Amino acid sequence: MTDENKNEPTNDTPLKDITRRDFAVLVVGAGLAATVPLAGDADLEVVETDVEIKTPDGTCDAAFIRPKSGSHAGVLIWPDALGLRPSMRGIGRRIATEGYSVLVPNPFYRVSKAPFTDASTFNFKNPDDMAKIVPLMASVNAPGNAEKDATAYVAFLDAQKEVSKSKKIGTQGYCMGGALVVRTAATLPDRIGAGASFHGGGLVTDKPDSPHLLAPKIKARMYFGIASSDDIKQPDAKDKLKEAFAAAKVPAEIEVYPAQHGWCVPDMPMRDGAPIYNKAEAERAWAKLVALYKVALA
C-alpha cells in the first residue's frame, strides 16, 4: 500500500453490514453477547472496515465504522490500556447505530499492531501482565504523541465522504483514553465539539502538563464520569477538574459513579471476585454520552 492510500479502507478487508438485530449474533464471537446491549434510535445498518492511517510516526491500524448510507458527525474513540479489540469495536458499532461515523484506532501502533483480543483474562495485579502494557501506554503518552495522533485521526475522519464536515467531531475515551480525549479537544478546539471521559486516568496530576490545565484551550462540551474507586484514591481530582473548566468557562459535567474503574467496558476482568463491568451504571453513562453528542454535534 502506498503512502497516498494508507488512510483509505483496505480493499482486502471484507465489509460487515450490521443491523442492530444482527449485532447480538456478531458479538457472540467476541464473548460479549451478554454484556454489550443494543441501542440506537433508528435501525441503522452500519459498515465496519479495517483501515490504515498514516501519522508522523508510522501507520496506525484502526476500525472505521459508520452507517451504511449518508454523511454524519464523526466520533473518535480512544481505547483503554488494552487497546483496539472486539469490545472497543463493539462500543464503536453501538455509537455508529446512533448515527455517527466512528474511528477506533490502535493507540499503540508505534510498538505493535493491536496487541490484545480480550481483556477478561488480564490480571492487573500480575507484574508480568502489567509489564506488557507499560511500554504500550508509554508510546502514546510520550510528550506530543497524542497531539500528533489526534490530528492525524481527525484528518482521516474529515477525508471520508461518510463524515459531515459541517458538524463538529466528538471524542470519547476510557481509562487512559480519558486524558487523551482532553488532549484531543485542546489540540483541535475548532473541530472537536464534545469530549467524554469514562473512568479516565491521569486527568489531574501535579505536573505542568496535567490534562486539566488544558481547559482554557478547549471549546468543546465536556463530560467526565469518574469511578468511585478512583474518587476514593484521589478525592480532590473532581474538584480540580470542576474548578479548571469553570474558570475557563468551558461547559463540563462531572459525576462520580458507584462503580469500579473500568465499569463501562464489557470485557473487563473480575476484580476481587466481582465483575468490574457494571451494566446498570454503564447504561447510565451511555445515556449521558448520547445526550452530549445530540446537543454538541448537531
# chains A, B, ... in the order shown; residues from 1 in each chain; ligands from 1
call {"tool": "residues_around", "arguments": {"residues": "Pro79 of chain A", "least_positions_apart": "3", "cutoff": "8 Å", "atoms": "only C-alpha atoms", "output": "PyMOL selection string"}}
result
chain A and resi 82-84+88+104-107+173-177
call {"tool": "write_last_selection", "arguments": {"atoms": "N, CA and C atoms", "output": "tab-separated table (two decimals), in the first residue's frame"}}
result
chain	number	residue	atom	x	y	z
A	82	LEU	N	-5.88	-1.64	27.15
A	82	LEU	CA	-5.79	-2.89	26.40
A	82	LEU	C	-6.01	-2.66	24.91
A	83	GLY	N	-6.30	-1.43	24.53
A	83	GLY	CA	-6.29	-1.03	23.13
A	83	GLY	C	-7.46	-1.49	22.28
A	84	LEU	N	-7.24	-1.46	20.96
A	84	LEU	CA	-8.23	-1.84	19.97
A	84	LEU	C	-8.45	-3.34	20.02
A	88	MET	N	-13.93	-2.85	22.13
A	88	MET	CA	-13.88	-1.45	21.70
A	88	MET	C	-14.55	-1.28	20.33
A	104	VAL	N	-11.97	4.00	15.54
A	104	VAL	CA	-11.39	3.41	16.75
A	104	VAL	C	-9.96	2.98	16.41
A	105	PRO	N	-8.96	3.77	16.78
A	105	PRO	CA	-7.58	3.44	16.41
A	105	PRO	C	-6.91	2.50	17.40
A	106	ASN	N	-5.84	1.89	16.95
A	106	ASN	CA	-4.92	1.18	17.83
A	106	ASN	C	-3.93	2.22	18.33
A	107	PRO	N	-4.06	2.69	19.57
A	107	PRO	CA	-3.18	3.78	20.03
A	107	PRO	C	-1.74	3.35	20.21
A	173	GLY	N	-13.33	8.53	25.55
A	173	GLY	CA	-12.19	7.71	25.93
A	173	GLY	C	-12.43	7.00	27.24
A	174	TYR	N	-11.72	5.89	27.41
A	174	TYR	CA	-11.88	5.01	28.56
A	174	TYR	C	-10.52	4.78	29.21
A	175	CYS	N	-10.48	4.86	30.55
A	175	CYS	CA	-9.23	4.64	31.29
A	175	CYS	C	-8.19	5.65	30.78
A	176	MET	N	-7.07	5.18	30.25
A	176	MET	CA	-6.04	6.11	29.76
A	176	MET	C	-6.58	7.00	28.66
A	177	GLY	N	-7.64	6.54	27.97
A	177	GLY	CA	-8.23	7.33	26.89
A	177	GLY	C	-8.90	8.59	27.36
call {"tool": "residues_around", "arguments": {"residues": "Gly70 of chain A", "least_positions_apart": "5", "cutoff": "9 Å", "atoms": "only C-alpha atoms", "output": "tab-separated table (two decimals) with N, CA, C and O atoms, in the first residue's frame"}}
result
chain	number	residue	atom	x	y	z
A	161	LYS	N	-16.05	10.53	2.97
A	161	LYS	CA	-17.33	11.06	2.49
A	161	LYS	C	-18.45	10.80	3.49
A	161	LYS	O	-19.48	11.49	3.47
A	162	GLU	N	-18.27	9.82	4.36
A	162	GLU	CA	-19.30	9.49	5.34
A	162	GLU	C	-19.27	10.41	6.56
A	162	GLU	O	-20.08	10.25	7.48
A	163	VAL	N	-18.33	11.34	6.59
A	163	VAL	CA	-18.21	12.28	7.71
A	163	VAL	C	-18.61	13.68	7.23
A	163	VAL	O	-18.06	14.18	6.24
A	164	SER	N	-19.54	14.28	7.94
A	164	SER	CA	-20.01	15.62	7.59
A	164	SER	C	-19.05	16.67	8.16
A	164	SER	O	-18.89	16.75	9.38
call {"tool": "select_by_dssp", "arguments": {"residues": "segment 59-101 of chain A", "states": "strand (DSSP E)", "output": "PyMOL selection string"}}
result
chain A and resi 59-67+74-78+101
call {"tool": "write_last_selection", "arguments": {"atoms": "C-alpha atoms", "output": "PDB file, in the first residue's frame"}}
result
ATOM      1  CA  THR A  59       0.968   3.712  10.207  1.00  0.00           C
ATOM      2  CA  CYS A  60      -1.900   3.155  12.618  1.00  0.00           C
ATOM      3  CA  ASP A  61      -4.274   0.216  12.244  1.00  0.00           C
ATOM      4  CA  ALA A  62      -7.851   1.176  13.078  1.00  0.00           C
ATOM      5  CA  ALA A  63     -11.521   0.366  12.637  1.00  0.00           C
ATOM      6  CA  PHE A  64     -13.787   2.755  10.732  1.00  0.00           C
ATOM      7  CA  ILE A  65     -17.463   2.131  11.467  1.00  0.00           C
ATOM      8  CA  ARG A  66     -20.301   4.163  10.007  1.00  0.00           C
ATOM      9  CA  PRO A  67     -23.935   3.979   8.921  1.00  0.00           C
ATOM     10  CA  GLY A  74     -17.518  11.977  13.230  1.00  0.00           C
ATOM     11  CA  VAL A  75     -16.522  10.341  16.506  1.00  0.00           C
ATOM     12  CA  LEU A  76     -13.027   9.371  17.668  1.00  0.00           C
ATOM     13  CA  ILE A  77     -12.823   6.675  20.346  1.00  0.00           C
ATOM     14  CA  TRP A  78      -9.685   6.455  22.476  1.00  0.00           C
ATOM     15  CA  SER A 101     -19.135   7.815  11.655  1.00  0.00           C
TER      16      SER A 101
END
call {"tool": "closest_residue", "arguments": {"among": "A:Lys288, A:Lys68, A:Lys148, A:Lys279", "to": "Tyr100 of chain A", "atoms": "only C-alpha atoms"}}
result
A:Lys68
call {"tool": "closest_residue", "arguments": {"among": "A:Ile276, A:Val265, A:Ala196, A:Ala282", "to": "Ala81 of chain A", "atoms": "only C-alpha atoms"}}
result
A:Val265
call {"tool": "residues_around", "arguments": {"residues": "Arg85 of chain A", "least_positions_apart": "2", "cutoff": "7 Å", "atoms": "only C-alpha atoms", "output": "number ranges by chain"}}
result
A: 83, 87-89, 116-118
call {"tool": "atom_distance", "arguments": {"atom1": "atom CA of Tyr293 of chain A", "atom2": "atom CA of Pro251 of chain A"}}
result
13.4 Å
call {"tool": "closest_residue", "arguments": {"among": "A:Leu214, A:Asn123, A:Ser197, A:Asn141", "to": "Arg271 of chain A", "atoms": "only C-alpha atoms"}}
result
A:Asn123
call {"tool": "closest_residue", "arguments": {"among": "A:Ser166, A:Glu283, A:Lys238, A:Gly201", "to": "Ala298 of chain A", "atoms": "only C-alpha atoms"}}
result
A:Ser166
call {"tool": "select_by_dssp", "arguments": {"residues": "segment 142-204 of chain A", "states": "alpha helix (DSSP H)", "output": "ChimeraX atom specification"}}
result
/A:145-158,176-187
call {"tool": "write_last_selection", "arguments": {"atoms": "C-alpha atoms", "output": "CSV table (one decimal), in the first residue's frame"}}
result
chain,number,residue,atom,x,y,z
A,145,ASN,CA,2.4,11.9,20.6
A,146,ALA,CA,-1.2,12.1,21.5
A,147,GLU,CA,-1.5,15.5,19.9
A,148,LYS,CA,0.1,14.3,16.6
A,149,ASP,CA,-2.2,11.2,16.6
A,150,ALA,CA,-5.3,13.2,17.3
A,151,THR,CA,-4.5,15.5,14.4
A,152,ALA,CA,-4.0,12.5,12.1
A,153,TYR,CA,-7.1,10.7,13.2
A,154,VAL,CA,-9.3,13.8,12.8
A,155,ALA,CA,-7.8,14.4,9.4
A,156,PHE,CA,-8.7,10.8,8.4
A,157,LEU,CA,-12.3,11.4,9.5
A,158,ASP,CA,-12.6,14.6,7.6
A,176,MET,CA,-6.0,6.1,29.8
A,177,GLY,CA,-8.2,7.3,26.9
A,178,GLY,CA,-9.9,9.9,29.2
A,179,ALA,CA,-6.8,12.1,29.3
A,180,LEU,CA,-6.3,11.6,25.5
A,181,VAL,CA,-9.8,13.0,25.0
A,182,VAL,CA,-8.8,16.2,26.8
A,183,ARG,CA,-5.6,16.5,24.8
A,184,THR,CA,-7.6,16.0,21.6
A,185,ALA,CA,-10.1,18.7,22.5
A,186,ALA,CA,-7.3,21.1,23.4
A,187,THR,CA,-5.3,20.3,20.2
call {"tool": "closest_residue", "arguments": {"among": "A:Trp286, A:Phe198, A:Phe124, A:Tyr223", "to": "Gly262 of chain A", "atoms": "only C-alpha atoms"}}
result
A:Phe198
